[in-house]
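One structure is given here, and the rest of the page talks about it.
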Amino acid sequence: LVTSEEVLIVYDTDSKNRNLTADQVKRTAMSVVPGWFHIYVSDNTALRGNLESHATMDADSRNAEYSIDQLIKEMKKSPQGSSTNTNKEK
């Protein structure tokens with residue numbers, strides 16, 4: 001999901017090293033979006049339905065920002081990979 005400020009990615013993995021995988025997913029996203037985006041990743045596939053439900057929302061949708069902020073809060077419970085200077089999280 002890409003908003004005006006964030007990129008949210010939920011992915012499935014069987015990797016034993018969750019931190020390394022999160023780092024790889026985040027760096028891949030960083031390679032295709034401008035550096036000012038905040039990128040959040042999660043290997044919690046239970047969040048996929050929640051993420052997909054936001055695809056039909058627009059900026060004027062009721063509670064869209066709050067809902068996305070709550071989703072980001074849940075995603076941050078998963079490893080986020082290495083922090084970089086060009087991609088700061090909120």
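Residues in the structure tokens are numbered from 1 in each chain, the chains being A, B, ... in the order shown, and ligands are numbered from 1 in the order shown.
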
Give me the region 40-64 of chain A side of the contact with region 15-30 of chain A, cut-off 10 Å, one line per residue showing its nearest atom pair and distance in Å at one decimal, counting only C-alpha atoms, sorted by chain and residue number, as a Markdown table.
| residue | atom | partner | partner_atom | distance |
| --- | --- | --- | --- | --- |
| A:Tyr40 | CA | A:Lys26 | CA | 7.3 |
| A:Val41 | CA | A:Ala22 | CA | 6.6 |
| A:Ser42 | CA | A:Ala22 | CA | 7.3 |
| A:Asp43 | CA | A:Ala22 | CA | 7.7 |

- Could you give me the residues within chain A that DSSP places in strand (DSSP E or B), as a ChimeraX atom specification? /A:2,6-10,38-42,84,87

- Between A:Ala55, A:Ala46, A:Asp14, A:Val32, smallest distance to Val2 (chain A) by only C-alpha atoms belongs to A:Ala55

- Task: May I have all residues of chain A that DSSP, computed from the backbone, assigns to alpha helix (DSSP H), given as a PyMOL selection string?
- Result: chain A and resi 18-30+48-53+64-75

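In this model, the gap between CA of Leu8 (chain A) and CA of Ile39 (chain A) comes to 6.0 Å.
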
- To one decimal place, how far is CA of Leu1 (chain A) from CA of His54 (chain A) in Å? 7.6 Å

- Item | Counting only C-alpha atoms, the residue of A:Leu47, A:Glu52, A:Gly81, A:Ile72 that sits nearest Glu6 (chain A) |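 Once distances to Glu6 (chain A) are computed over only C-alpha atoms, the minimum belongs to A:Ile72.
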
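When only C-alpha atoms are used to measure the gap to Val10 (chain A), the shortest distance among A:Ala64, A:Asp58, A:Gln70, A:Pro79 belongs to A:Pro79.
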
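Closest approach to Gly49 (chain A) among A:Ser82, A:Tyr66, A:Trp36, A:Tyr11 is made by A:Tyr11 (distances from only C-alpha atoms).
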
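Using only C-alpha atoms, the nearest neighbour of Leu51 (chain A) within the list A:Gln80, A:Thr3, A:Ser31, A:Thr13 is A:Thr3.
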